[in-house]
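J.: If it helps, the file is called coords-v2.pdb and holds PDB, C-alpha atoms and all ligand atoms:
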```
MODEL        1
ATOM      1  CA  MET X 288     104.900  96.866 105.173
ATOM      2  CA  ALA X 289     102.460  94.373 103.630
ATOM      3  CA  GLY X 290     101.532  96.975 101.015
ATOM      4  CA  VAL X 291      99.995  95.326  97.964
ATOM      5  CA  LYS X 292     102.108  92.152  97.922
ATOM      6  CA  GLY X 293     100.136  89.252  96.451
ATOM      7  CA  ARG X 294      97.086  91.422  95.811
ATOM      8  CA  VAL X 295      95.220  91.225  92.516
ATOM      9  CA  VAL X 296      94.959  94.683  91.028
ATOM     10  CA  VAL X 297      92.834  95.819  88.103
ATOM     11  CA  ILE X 298      94.013  99.059  86.484
ATOM     12  CA  THR X 299      91.906 100.542  83.702
ATOM     13  CA  GLY X 300      93.558 102.531  80.923
ATOM     14  CA  ALA X 301      96.940 101.132  81.952
ATOM     15  CA  GLY X 302      98.442 100.945  78.466
ATOM     16  CA  GLY X 303     100.092 104.366  78.724
ATOM     17  CA  GLY X 304     100.491 107.540  80.761
ATOM     18  CA  LEU X 305      99.605 107.338  84.445
ATOM     19  CA  GLY X 306      98.009 103.890  84.281
ATOM     20  CA  ARG X 307     101.187 102.354  82.882
ATOM     21  CA  GLN X 308     103.252 103.836  85.707
ATOM     22  CA  HIS X 309     100.753 102.557  88.276
ATOM     23  CA  ALA X 310     100.899  99.074  86.726
ATOM     24  CA  LEU X 311     104.711  99.004  86.802
ATOM     25  CA  LEU X 312     104.848 100.081  90.441
ATOM     26  CA  PHE X 313     102.095  97.715  91.624
ATOM     27  CA  ALA X 314     103.901  94.821  89.909
ATOM     28  CA  GLN X 315     107.242  95.871  91.337
ATOM     29  CA  GLN X 316     105.635  95.862  94.791
ATOM     30  CA  GLY X 317     104.540  92.239  94.306
ATOM     31  CA  ALA X 318     100.947  92.673  93.106
ATOM     32  CA  ARG X 319      99.442  90.655  90.237
ATOM     33  CA  VAL X 320      98.132  93.144  87.722
ATOM     34  CA  VAL X 321      95.388  93.229  85.097
ATOM     35  CA  VAL X 322      96.507  95.816  82.552
ATOM     36  CA  ASN X 323      93.322  96.999  80.865
ATOM     37  CA  ASP X 324      93.469  99.298  77.871
ATOM     38  CA  LEU X 325      91.253  99.786  74.865
ATOM     39  CA  GLY X 326      94.222 101.127  72.939
ATOM     40  CA  GLY X 327      92.460 104.091  71.320
ATOM     41  CA  ASP X 328      93.571 107.695  70.874
ATOM     42  CA  ARG X 329      93.183 110.597  73.295
ATOM     43  CA  GLU X 330      89.610 111.251  72.106
ATOM     44  CA  GLY X 331      88.717 107.581  72.573
ATOM     45  CA  SER X 332      88.657 106.651  68.879
ATOM     46  CA  GLY X 333      90.286 103.481  67.607
ATOM     47  CA  PHE X 334      91.223 100.230  69.245
ATOM     48  CA  GLY X 335      94.309  98.081  69.615
ATOM     49  CA  SER X 336      95.949  95.510  71.859
ATOM     50  CA  ASP X 337      99.518  96.816  71.505
ATOM     51  CA  MET X 338      99.414  99.311  74.392
ATOM     52  CA  ALA X 339      98.260  96.843  77.053
ATOM     53  CA  ASP X 340     100.494  94.094  75.654
ATOM     54  CA  ALA X 341     103.569  96.325  75.807
ATOM     55  CA  VAL X 342     103.001  97.092  79.502
ATOM     56  CA  VAL X 343     102.431  93.420  80.310
ATOM     57  CA  SER X 344     105.711  92.553  78.530
ATOM     58  CA  GLU X 345     107.520  95.248  80.468
ATOM     59  CA  ILE X 346     106.214  93.826  83.746
ATOM     60  CA  THR X 347     106.918  90.182  82.946
ATOM     61  CA  ARG X 348     110.404  90.995  81.637
ATOM     62  CA  ALA X 349     111.122  92.567  85.020
ATOM     63  CA  GLY X 350     109.944  89.389  86.777
ATOM     64  CA  GLY X 351     106.447  90.591  87.692
ATOM     65  CA  GLU X 352     103.018  89.090  87.058
ATOM     66  CA  ALA X 353     100.481  90.714  84.745
ATOM     67  CA  ILE X 354      97.829  89.930  82.171
ATOM     68  CA  ALA X 355      96.372  92.136  79.453
ATOM     69  CA  ASN X 356      92.731  93.007  78.885
ATOM     70  CA  TYR X 357      91.444  95.123  75.987
ATOM     71  CA  ASP X 358      87.825  95.691  77.001
ATOM     72  CA  ASN X 359      85.986  98.967  76.785
ATOM     73  CA  VAL X 360      85.162  99.998  80.355
ATOM     74  CA  ALA X 361      82.387 102.263  79.087
ATOM     75  CA  THR X 362      80.075  99.281  78.658
ATOM     76  CA  VAL X 363      78.586  97.114  81.380
ATOM     77  CA  GLU X 364      79.886  94.003  79.605
ATOM     78  CA  GLY X 365      83.354  95.509  79.241
ATOM     79  CA  GLY X 366      83.508  96.333  82.960
ATOM     80  CA  ALA X 367      82.439  92.793  83.844
ATOM     81  CA  ASP X 368      85.005  91.280  81.464
ATOM     82  CA  VAL X 369      87.865  93.276  83.003
ATOM     83  CA  VAL X 370      87.037  91.805  86.402
ATOM     84  CA  SER X 371      86.514  88.318  84.911
ATOM     85  CA  THR X 372      90.039  88.531  83.500
ATOM     86  CA  ALA X 373      91.333  89.028  87.058
ATOM     87  CA  LEU X 374      89.235  86.174  88.440
ATOM     88  CA  ASP X 375      90.142  83.763  85.628
ATOM     89  CA  ALA X 376      93.870  84.540  85.735
ATOM     90  CA  PHE X 377      94.432  85.077  89.439
ATOM     91  CA  GLY X 378      91.295  83.812  91.240
ATOM     92  CA  GLN X 379      90.406  87.049  93.039
ATOM     93  CA  VAL X 380      90.208  90.823  92.802
ATOM     94  CA  ASP X 381      91.432  93.010  95.659
ATOM     95  CA  VAL X 382      92.039  96.422  94.115
ATOM     96  CA  VAL X 383      90.438  98.471  91.342
ATOM     97  CA  VAL X 384      92.205 101.579  90.074
ATOM     98  CA  ASN X 385      89.810 103.466  87.803
ATOM     99  CA  ASN X 386      92.150 105.384  85.556
ATOM    100  CA  ALA X 387      90.858 105.084  81.960
ATOM    101  CA  GLY X 388      89.959 108.410  80.437
ATOM    102  CA  ILE X 389      89.394 110.428  77.299
ATOM    103  CA  LEU X 390      88.928 114.088  76.453
ATOM    104  CA  ARG X 391      86.334 115.827  74.277
ATOM    105  CA  ASP X 392      86.985 119.446  75.265
ATOM    106  CA  LYS X 393      84.597 122.166  74.075
ATOM    107  CA  SER X 394      83.384 125.353  75.687
ATOM    108  CA  PHE X 395      79.945 124.721  77.159
ATOM    109  CA  HIS X 396      78.026 126.774  74.628
ATOM    110  CA  LYS X 397      79.461 124.612  71.834
ATOM    111  CA  MET X 398      79.235 121.248  73.575
ATOM    112  CA  ALA X 399      77.187 118.635  71.756
ATOM    113  CA  PRO X 400      75.334 115.922  73.687
ATOM    114  CA  GLU X 401      77.643 113.334  72.042
ATOM    115  CA  GLN X 402      80.711 115.036  73.550
ATOM    116  CA  TRP X 403      79.059 115.121  76.959
ATOM    117  CA  ASP X 404      78.015 111.475  76.696
ATOM    118  CA  ALA X 405      81.319 110.089  75.424
ATOM    119  CA  VAL X 406      83.278 111.566  78.335
ATOM    120  CA  LEU X 407      80.784 110.582  81.018
ATOM    121  CA  ARG X 408      80.629 107.068  79.606
ATOM    122  CA  VAL X 409      84.353 106.389  79.928
ATOM    123  CA  HIS X 410      85.098 108.176  83.212
ATOM    124  CA  LEU X 411      81.916 107.921  85.276
ATOM    125  CA  TYR X 412      80.102 104.935  83.788
ATOM    126  CA  GLY X 413      83.422 103.162  83.271
ATOM    127  CA  THR X 414      84.192 103.566  86.963
ATOM    128  CA  PHE X 415      80.735 102.291  87.836
ATOM    129  CA  ASN X 416      80.981  99.329  85.454
ATOM    130  CA  VAL X 417      84.331  98.021  86.677
ATOM    131  CA  THR X 418      83.847  98.802  90.368
ATOM    132  CA  ARG X 419      80.363  97.297  90.362
ATOM    133  CA  ALA X 420      81.707  94.052  88.912
ATOM    134  CA  ALA X 421      84.455  93.841  91.560
ATOM    135  CA  TRP X 422      82.344  94.968  94.539
ATOM    136  CA  PRO X 423      80.580  91.654  95.378
ATOM    137  CA  HIS X 424      83.942  89.859  95.426
ATOM    138  CA  MET X 425      85.419  92.491  97.724
ATOM    139  CA  ARG X 426      82.430  92.243 100.044
ATOM    140  CA  GLU X 427      82.631  88.477 100.126
ATOM    141  CA  GLN X 428      86.331  88.429 100.978
ATOM    142  CA  GLN X 429      85.894  91.367 103.382
ATOM    143  CA  TYR X 430      88.698  93.316 101.756
ATOM    144  CA  GLY X 431      88.952  95.803  98.944
ATOM    145  CA  ARG X 432      90.609  98.981  97.775
ATOM    146  CA  VAL X 433      89.063 101.275  95.164
ATOM    147  CA  VAL X 434      90.749 104.327  93.715
ATOM    148  CA  VAL X 435      89.187 106.722  91.233
ATOM    149  CA  THR X 436      91.108 109.282  89.229
ATOM    150  CA  THR X 437      89.504 112.662  89.615
ATOM    151  CA  SER X 438      90.873 115.996  88.438
ATOM    152  CA  THR X 439      91.349 119.565  89.540
ATOM    153  CA  SER X 440      89.313 120.390  86.410
ATOM    154  CA  GLY X 441      86.302 118.892  88.179
ATOM    155  CA  LEU X 442      87.217 119.908  91.707
ATOM    156  CA  PHE X 443      87.909 123.534  90.802
ATOM    157  CA  GLY X 444      86.694 123.972  87.194
ATOM    158  CA  ASN X 445      88.505 124.482  83.910
ATOM    159  CA  PHE X 446      87.592 126.207  80.672
ATOM    160  CA  GLY X 447      86.267 123.822  78.017
ATOM    161  CA  GLN X 448      85.874 120.858  80.345
ATOM    162  CA  ALA X 449      82.246 120.863  81.504
ATOM    163  CA  ASN X 450      81.812 117.226  80.459
ATOM    164  CA  TYR X 451      85.142 116.116  81.937
ATOM    165  CA  GLY X 452      84.674 118.154  85.127
ATOM    166  CA  ALA X 453      81.178 116.788  85.704
ATOM    167  CA  ALA X 454      82.412 113.227  85.195
ATOM    168  CA  LYS X 455      85.363 113.760  87.531
ATOM    169  CA  MET X 456      83.175 115.209  90.302
ATOM    170  CA  GLY X 457      80.668 112.409  89.745
ATOM    171  CA  MET X 458      83.457 109.995  90.601
ATOM    172  CA  VAL X 459      84.057 111.852  93.871
ATOM    173  CA  GLY X 460      80.347 111.567  94.680
ATOM    174  CA  LEU X 461      80.615 107.861  93.988
ATOM    175  CA  ILE X 462      83.541 107.249  96.339
ATOM    176  CA  ASN X 463      81.846 109.245  99.102
ATOM    177  CA  THR X 464      79.077 106.676  99.150
ATOM    178  CA  LEU X 465      81.356 103.684  98.505
ATOM    179  CA  ALA X 466      83.387 104.776 101.538
ATOM    180  CA  VAL X 467      80.242 104.648 103.682
ATOM    181  CA  GLU X 468      78.899 101.394 102.243
ATOM    182  CA  GLY X 469      82.297  99.662 102.118
ATOM    183  CA  ALA X 470      83.295 100.449 105.700
ATOM    184  CA  ARG X 471      81.720  97.321 107.189
ATOM    185  CA  SER X 472      83.478  95.113 104.638
ATOM    186  CA  ASN X 473      86.958  96.603 105.037
ATOM    187  CA  ILE X 474      86.696  98.215 101.605
ATOM    188  CA  THR X 475      88.099 101.713 101.171
ATOM    189  CA  ALA X 476      87.368 104.116  98.312
ATOM    190  CA  ASN X 477      89.554 107.139  97.633
ATOM    191  CA  ALA X 478      90.306 109.564  94.848
ATOM    192  CA  VAL X 479      93.593 110.754  93.428
ATOM    193  CA  ALA X 480      93.783 114.093  91.641
ATOM    194  CA  PRO X 481      96.951 113.896  89.523
ATOM    195  CA  LEU X 482      98.815 116.344  87.394
ATOM    196  CA  ALA X 483     101.295 114.718  85.031
ATOM    197  CA  ASN X 484     102.917 115.028  81.679
ATOM    198  CA  THR X 485     101.061 112.507  79.475
ATOM    199  CA  ARG X 486      99.484 112.544  76.031
ATOM    200  CA  MET X 487      96.310 113.857  77.692
ATOM    201  CA  THR X 488      98.041 117.001  78.902
ATOM    202  CA  ALA X 489     100.497 117.312  75.992
ATOM    203  CA  ASP X 490      99.025 120.610  74.805
ATOM    204  CA  VAL X 491      98.030 122.156  78.144
ATOM    205  CA  ILE X 492     101.123 121.841  80.354
ATOM    206  CA  PRO X 493     103.726 124.474  79.525
ATOM    207  CA  ASP X 494     107.019 123.050  78.218
ATOM    208  CA  ASP X 495     109.084 124.257  81.188
ATOM    209  CA  ALA X 496     106.919 122.230  83.606
ATOM    210  CA  ARG X 497     107.245 118.942  81.734
ATOM    211  CA  LEU X 498     110.322 117.552  83.444
ATOM    212  CA  ASP X 499     108.815 118.104  86.882
ATOM    213  CA  LEU X 500     105.579 116.293  86.072
ATOM    214  CA  ASP X 501     106.728 112.775  85.375
ATOM    215  CA  PRO X 502     103.657 110.513  85.863
ATOM    216  CA  ALA X 503     105.850 108.232  88.000
ATOM    217  CA  TYR X 504     105.381 110.747  90.831
ATOM    218  CA  VAL X 505     101.665 109.923  91.052
ATOM    219  CA  SER X 506     101.951 106.138  91.377
ATOM    220  CA  PRO X 507     103.366 105.871  94.946
ATOM    221  CA  MET X 508     100.303 107.760  96.183
ATOM    222  CA  VAL X 509      97.955 105.413  94.308
ATOM    223  CA  VAL X 510      99.770 102.291  95.512
ATOM    224  CA  TYR X 511      99.760 103.549  99.107
ATOM    225  CA  LEU X 512      96.012 104.265  98.943
ATOM    226  CA  CYS X 513      95.580 100.626  97.845
ATOM    227  CA  SER X 514      97.865  99.153 100.498
ATOM    228  CA  GLU X 515      96.727  97.106 103.462
ATOM    229  CA  GLU X 516      98.158  99.752 105.781
ATOM    230  CA  CYS X 517      96.106 102.650 104.420
ATOM    231  CA  THR X 518      92.658 102.541 105.973
ATOM    232  CA  ASP X 519      91.687 106.136 105.159
ATOM    233  CA  THR X 520      88.570 106.263 103.031
ATOM    234  CA  GLY X 521      86.574 108.897 101.156
ATOM    235  CA  ALA X 522      89.653 111.093 100.740
ATOM    236  CA  ILE X 523      90.841 113.099  97.751
ATOM    237  CA  MET X 524      94.626 113.229  97.434
ATOM    238  CA  MET X 525      96.400 115.485  95.021
ATOM    239  CA  ALA X 526      99.639 114.224  93.463
ATOM    240  CA  SER X 527     101.536 116.473  91.132
ATOM    241  CA  GLY X 528     105.264 116.289  90.537
ATOM    242  CA  GLY X 529     106.762 115.770  93.976
ATOM    243  CA  HIS X 530     103.883 117.492  95.749
ATOM    244  CA  TYR X 531     101.206 115.526  97.623
ATOM    245  CA  ALA X 532      98.313 117.095  99.507
ATOM    246  CA  ARG X 533      94.832 116.240 100.687
ATOM    247  CA  ILE X 534      91.996 118.205  99.114
ATOM    248  CA  ALA X 535      88.740 118.613 101.052
ATOM    249  CA  TYR X 536      85.649 120.707 100.814
ATOM    250  CA  MET X 537      85.128 122.787 103.853
ATOM    251  CA  GLN X 538      81.980 123.849 105.616
ATOM    252  CA  ALA X 539      81.867 127.271 107.247
ATOM    253  CA  GLN X 540      80.609 127.842 110.788
ATOM    254  CA  GLY X 541      77.669 129.559 109.098
ATOM    255  CA  VAL X 542      74.688 131.292 110.611
ATOM    256  CA  GLN X 543      71.735 129.672 112.412
ATOM    257  CA  PHE X 544      68.330 131.393 112.160
ATOM    258  CA  ASP X 545      65.464 130.467 114.485
ATOM    259  CA  HIS X 546      62.923 131.419 111.825
ATOM    260  CA  VAL X 547      62.617 131.230 108.046
ATOM    261  CA  PRO X 548      64.849 134.148 107.051
ATOM    262  CA  SER X 549      63.785 136.760 104.545
ATOM    263  CA  VAL X 550      65.823 137.217 101.368
ATOM    264  CA  GLU X 551      67.088 140.487 102.881
ATOM    265  CA  GLU X 552      68.280 138.661 106.006
ATOM    266  CA  ILE X 553      70.217 136.208 103.813
ATOM    267  CA  ALA X 554      71.749 139.168 101.975
ATOM    268  CA  LEU X 555      72.660 140.882 105.261
ATOM    269  CA  SER X 556      74.267 137.685 106.666
ATOM    270  CA  TRP X 557      76.041 136.830 103.421
ATOM    271  CA  GLU X 558      79.554 137.566 104.641
ATOM    272  CA  GLU X 559      79.134 135.510 107.812
ATOM    273  CA  ILE X 560      77.495 132.626 105.918
ATOM    274  CA  SER X 561      80.415 132.613 103.457
ATOM    275  CA  ASP X 562      83.243 133.167 105.933
ATOM    276  CA  LEU X 563      85.508 130.084 105.970
ATOM    277  CA  THR X 564      87.402 131.098 109.119
ATOM    278  CA  ASP X 565      87.295 128.112 111.527
ATOM    279  CA  SER X 566      85.684 125.952 108.833
ATOM    280  CA  ALA X 567      85.974 122.160 108.974
ATOM    281  CA  PRO X 568      85.618 119.383 106.397
ATOM    282  CA  GLY X 569      81.923 119.162 105.562
ATOM    283  CA  ARG X 570      79.779 116.221 106.671
ATOM    284  CA  ASN X 571      76.433 114.825 105.642
ATOM    285  CA  PRO X 572      74.013 115.863 108.426
ATOM    286  CA  LEU X 573      71.831 112.864 107.549
ATOM    287  CA  ALA X 574      74.591 110.246 107.774
TER     288      ALA X 574
HETATM  289  P1  LIG U   1      96.306 108.804  78.796
HETATM  290  O1  LIG U   1      95.492 109.224  77.613
HETATM  291  O2  LIG U   1      97.737 108.511  78.589
HETATM  292  O3  LIG U   1      95.659 107.534  79.504
HETATM  293  C1  LIG U   1      94.319 107.158  79.438
HETATM  294  C2  LIG U   1      94.244 105.702  79.023
HETATM  295  O4  LIG U   1      92.894 105.256  79.087
HETATM  296  C3  LIG U   1      94.716 105.517  77.565
HETATM  297  O5  LIG U   1      95.764 104.556  77.526
HETATM  298  C4  LIG U   1      93.461 105.035  76.855
HETATM  299  O6  LIG U   1      93.713 104.135  75.805
HETATM  300  C5  LIG U   1      92.658 104.407  77.977
HETATM  301  N1  LIG U   1      91.223 104.374  77.692
HETATM  302  C6  LIG U   1      90.469 105.375  77.209
HETATM  303  N2  LIG U   1      89.202 104.986  77.068
HETATM  304  C7  LIG U   1      89.146 103.697  77.504
HETATM  305  C8  LIG U   1      88.083 102.753  77.631
HETATM  306  N3  LIG U   1      86.833 103.073  77.273
HETATM  307  N4  LIG U   1      88.361 101.529  78.119
HETATM  308  C9  LIG U   1      89.631 101.206  78.476
HETATM  309  N5  LIG U   1      90.673 102.059  78.378
HETATM  310  C10 LIG U   1      90.434 103.292  77.895
HETATM  311  O7  LIG U   1      96.131 109.960  79.866
HETATM  312  P2  LIG U   1      96.581 110.056  81.404
HETATM  313  O8  LIG U   1      96.992 111.443  81.622
HETATM  314  O9  LIG U   1      97.508 108.969  81.762
HETATM  315  O10 LIG U   1      95.187 109.871  82.142
HETATM  316  C11 LIG U   1      94.913 108.861  83.098
HETATM  317  C12 LIG U   1      93.768 109.342  83.981
HETATM  318  O11 LIG U   1      94.208 110.453  84.758
HETATM  319  C13 LIG U   1      92.546 109.818  83.214
HETATM  320  O12 LIG U   1      91.381 109.417  83.890
HETATM  321  C14 LIG U   1      92.676 111.322  83.269
HETATM  322  O13 LIG U   1      91.426 111.962  83.131
HETATM  323  C15 LIG U   1      93.267 111.499  84.643
HETATM  324  N6  LIG U   1      93.925 112.775  84.866
HETATM  325  C16 LIG U   1      95.119 113.039  84.248
HETATM  326  C17 LIG U   1      95.749 114.248  84.497
HETATM  327  C18 LIG U   1      97.079 114.545  83.943
HETATM  328  O14 LIG U   1      97.655 115.591  84.321
HETATM  329  N7  LIG U   1      97.649 113.713  83.066
HETATM  330  C19 LIG U   1      95.121 115.284  85.342
HETATM  331  C20 LIG U   1      93.900 114.876  85.960
HETATM  332  C21 LIG U   1      93.337 113.664  85.709
ENDMDL
END
```
Using the file provided, produce a representation of the structure as C-alpha cells.

T.:
Amino acid sequence: MAGVKGRVVVITGAGGGLGRQHALLFAQQGARVVVNDLGGDREGSGFGSDMADAVVSEITRAGGEAIANYDNVATVEGGADVVSTALDAFGQVDVVVNNAGILRDKSFHKMAPEQWDAVLRVHLYGTFNVTRAAWPHMREQQYGRVVVTTSTSGLFGNFGQANYGAAKMGMVGLINTLAVEGARSNITANAVAPLANTRMTADVIPDDARLDLDPAYVSPMVVYLCSEECTDTGAIMMASGGHYARIAYMQAQGVQFDHVPSVEEIALSWEEISDLTDSAPGRNPLA
C-alpha cells in the first residue's frame, strides 16, 4: 500500500508518550516527520528542546527523516511556525496529527477559569492553530489528512475533567465540519480516542493494566487514518491496547408529532423518544 510513504507529517506533542510512538511509526513507514514538542511537564509548565530532539535522533539513527520544532501550539504564531518548519524543511505538508495535550484536572465546582483556559488553549485552540495553518496548503495540493486526538473523557465524561472533556469534544465538532469542507479537496479529518500508558495517565490507569496499554498500539490506527488508502472521514476510532473500534453517536427512530406537543405529551412519549432500538448514526438534517 502507498500508505504515508514520502508524505510530510506534522505531529504535535511528539516528544513523548503517544506522539513519540506516532512519529517513530510514520518515519518507519517512509514519511518525513516534523516532531513538535514544547517540552514542558504534564500540566504544561516549563519548556525544553530535549524531548523533540531525542525523538528526531531516534528517527534519524534508524535511517528515517525528521526535524524538530519546539513551538507552543496554543498560540496562533506557534501553530503557524510548526507548519512553516514542515514547508521550509520538506516543501509541503500532507498530514497533521494534533496530539499535544496537558491536564489541569479539578472537579467542576473547584475549577478556576485559568484551568479551563489553559486546557482549551492547548487541545482545542492548538488544534485550530496548527490545522488552520496547514489547511490552505492541503486545499491547494488537493490532498490532506487531519487527525485529532479526542478522549473517552470527552465522549463519555469523566470526574474532574470538565475542561479536558469540553476541549476533546470541541475537537470532534471541529473534525465534523472539516470532513464536510475538506471533502471536495480530498482532505479527510478523523479523530482517534486512545487509551495508553503514558505520563498523562500514570496515576489513573491501574498497575495491572499497564503492560497491555503500550502507546505503540495506538499508532497503527493513526497512521492508517493518515494513509492514502483510508478515505473515511469524520470518524472517531478508539484504540486501546490491542482493541480498535469505531465510536459513533446514534440517533433513535424517535417520535414525530403533527402538532406542537404539550410537556405532558413529551413526558408520555419519553420512553419511545429515548429508545435506541434500530437507531442509526446521527446526521445533520440541514447538511
Ligand atoms: P504526554 O503528556 O506524554 O504527551 C503530550 C505531549 O504534548 C507532551 O510531550 C507535551 O510536552 C506536549 N505538549 C503539551 N503542551 C504543548 C504545547 N502547547 N505545544 C506543543 N507541545 C505540547 O501524554 P499522552 O498520553 O501521550 O497524550 C497525547 C494525547 O493523547 C493528548 O492529547 C492526550 O490528551 C490524548 N489522550 C491520551 C490518553 C491516554 O490514555 N494516554 C487518553 C485519551 C487522550

J.: Padding 8 Å on each side, edges along x, y and z: where is the centre of the box around the listed atoms of segment 384-394 of chain X, and how long are its edges in Å to one decimal? Output it as AutoDock Vina command-line options.

T.:
```
--center_x 87.8 --center_y 113.5 --center_z 82.1 --size_x 24.8 --size_y 39.8 --size_z 32.0
```

J.: Got a sec to check which residues lie within 8 Å of ligand LIG 1 (chain U), using all atoms listed in the file, and send them as a PyMOL selection string?

T.: chain X and resi 299-307+323-331+338+357-362+365+385-390+408-410+413+436-440+451+455+480-488+502+527

J.: Output the selection as an mmCIF file, keeping the file's coordinate frame - C-alpha atoms for each residue.

T.:
```cif
data_model
loop_
_atom_site.group_PDB
_atom_site.id
_atom_site.type_symbol
_atom_site.label_atom_id
_atom_site.label_comp_id
_atom_site.auth_asym_id
_atom_site.auth_seq_id
_atom_site.Cartn_x
_atom_site.Cartn_y
_atom_site.Cartn_z
ATOM 1 C CA THR X 299 91.906 100.542 83.702
ATOM 2 C CA GLY X 300 93.558 102.531 80.923
ATOM 3 C CA ALA X 301 96.940 101.132 81.952
ATOM 4 C CA GLY X 302 98.442 100.945 78.466
ATOM 5 C CA GLY X 303 100.092 104.366 78.724
ATOM 6 C CA GLY X 304 100.491 107.540 80.761
ATOM 7 C CA LEU X 305 99.605 107.338 84.445
ATOM 8 C CA GLY X 306 98.009 103.890 84.281
ATOM 9 C CA ARG X 307 101.187 102.354 82.882
ATOM 10 C CA ASN X 323 93.322 96.999 80.865
ATOM 11 C CA ASP X 324 93.469 99.298 77.871
ATOM 12 C CA LEU X 325 91.253 99.786 74.865
ATOM 13 C CA GLY X 326 94.222 101.127 72.939
ATOM 14 C CA GLY X 327 92.460 104.091 71.320
ATOM 15 C CA ASP X 328 93.571 107.695 70.874
ATOM 16 C CA ARG X 329 93.183 110.597 73.295
ATOM 17 C CA GLU X 330 89.610 111.251 72.106
ATOM 18 C CA GLY X 331 88.717 107.581 72.573
ATOM 19 C CA MET X 338 99.414 99.311 74.392
ATOM 20 C CA TYR X 357 91.444 95.123 75.987
ATOM 21 C CA ASP X 358 87.825 95.691 77.001
ATOM 22 C CA ASN X 359 85.986 98.967 76.785
ATOM 23 C CA VAL X 360 85.162 99.998 80.355
ATOM 24 C CA ALA X 361 82.387 102.263 79.087
ATOM 25 C CA THR X 362 80.075 99.281 78.658
ATOM 26 C CA GLY X 365 83.354 95.509 79.241
ATOM 27 C CA ASN X 385 89.810 103.466 87.803
ATOM 28 C CA ASN X 386 92.150 105.384 85.556
ATOM 29 C CA ALA X 387 90.858 105.084 81.960
ATOM 30 C CA GLY X 388 89.959 108.410 80.437
ATOM 31 C CA ILE X 389 89.394 110.428 77.299
ATOM 32 C CA LEU X 390 88.928 114.088 76.453
ATOM 33 C CA ARG X 408 80.629 107.068 79.606
ATOM 34 C CA VAL X 409 84.353 106.389 79.928
ATOM 35 C CA HIS X 410 85.098 108.176 83.212
ATOM 36 C CA GLY X 413 83.422 103.162 83.271
ATOM 37 C CA THR X 436 91.108 109.282 89.229
ATOM 38 C CA THR X 437 89.504 112.662 89.615
ATOM 39 C CA SER X 438 90.873 115.996 88.438
ATOM 40 C CA THR X 439 91.349 119.565 89.540
ATOM 41 C CA SER X 440 89.313 120.390 86.410
ATOM 42 C CA TYR X 451 85.142 116.116 81.937
ATOM 43 C CA LYS X 455 85.363 113.760 87.531
ATOM 44 C CA ALA X 480 93.783 114.093 91.641
ATOM 45 C CA PRO X 481 96.951 113.896 89.523
ATOM 46 C CA LEU X 482 98.815 116.344 87.394
ATOM 47 C CA ALA X 483 101.295 114.718 85.031
ATOM 48 C CA ASN X 484 102.917 115.028 81.679
ATOM 49 C CA THR X 485 101.061 112.507 79.475
ATOM 50 C CA ARG X 486 99.484 112.544 76.031
ATOM 51 C CA MET X 487 96.310 113.857 77.692
ATOM 52 C CA THR X 488 98.041 117.001 78.902
ATOM 53 C CA PRO X 502 103.657 110.513 85.863
ATOM 54 C CA SER X 527 101.536 116.473 91.132
#
```

J.: Could you tell me which residues the PyMOL selection byres (((chain X and resi 535) around 9) and not hetatm) returns for this structure, as a ChimeraX atom specification?

T.: /X:522-524,533-534,536-537,568-569

J.: Please, what distance in Å, to one decimal, runs between atom CA of Met398 of chain X and atom CA of Asn450 of chain X?

T.: 8.4 Å

J.: Atom CA of Phe446 of chain X and atom CA of Ser394 of chain X, how far apart in Å?

T.: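 Taking atom CA of Ser394 of chain X and atom CA of Phe446 of chain X, their separation equals 6.6 Å.
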
J.: Show me, as a PyMOL selection string, the residues that have an atom within 6 Å of segment 339-342 of chain X when counting all atoms listed in the file, minus same-chain residues fewer than 2 positions from it.

T.: chain X and resi 302+322+324+336-337+344-345+355

J.: With the PyMOL selection byres (((chain X and resi 292-297) around 10) and not hetatm) as the selection, what would be picked from this file? Answer as a VMD selection string, please.

T.: chain X and resid 288 to 291 298 to 301 310 313 to 323 352 to 354 356 369 to 370 372 to 374 376 to 386 417 to 418 421 431 to 433 513 to 515

J.: I'd like the residues picked by the PyMOL selection byres (((chain X and resi 393) around 9) and not hetatm) written out as a list of chain:residue names, using the chain letters and numbers from the file.

T.: X:Arg391, X:Asp392, X:Ser394, X:Phe395, X:His396, X:Lys397, X:Met398, X:Ala399, X:Gln402, X:Phe446, X:Gly447, X:Gln448, X:Ala449, X:Asn450

J.: Which residues are near segment 503-512 of chain X? Cut-off 7 Å, all atoms listed in the file, ignore same chain within fewer than 4 positions. Put them as a list in words.

T.: Gln308, His309, Leu312, Phe313, Val479, Pro481, Cys517, Ala526, Ser527, Gly528 and Gly529 of chain X

J.: Please report the interatomic distance between atom CA of Ser472 of chain X and atom CA of Thr518 of chain X in Å with one decimal.

T.: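 So the answer is 11.9 Å.
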
J.: May I ask which of the residues X:Asn463, X:Asn473, X:Asn445, X:Thr414 is the closest one to Arg426 of chain X, counting all atoms listed in the file?

T.: X:Asn473

J.: Which of these, X:Ala349, X:Glu468, X:Gln429, X:Leu442, has the shortest distance to Met456 of chain X once you count only C-alpha atoms?

T.: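 So, comparing all the options, the nearest one is X:Leu442.
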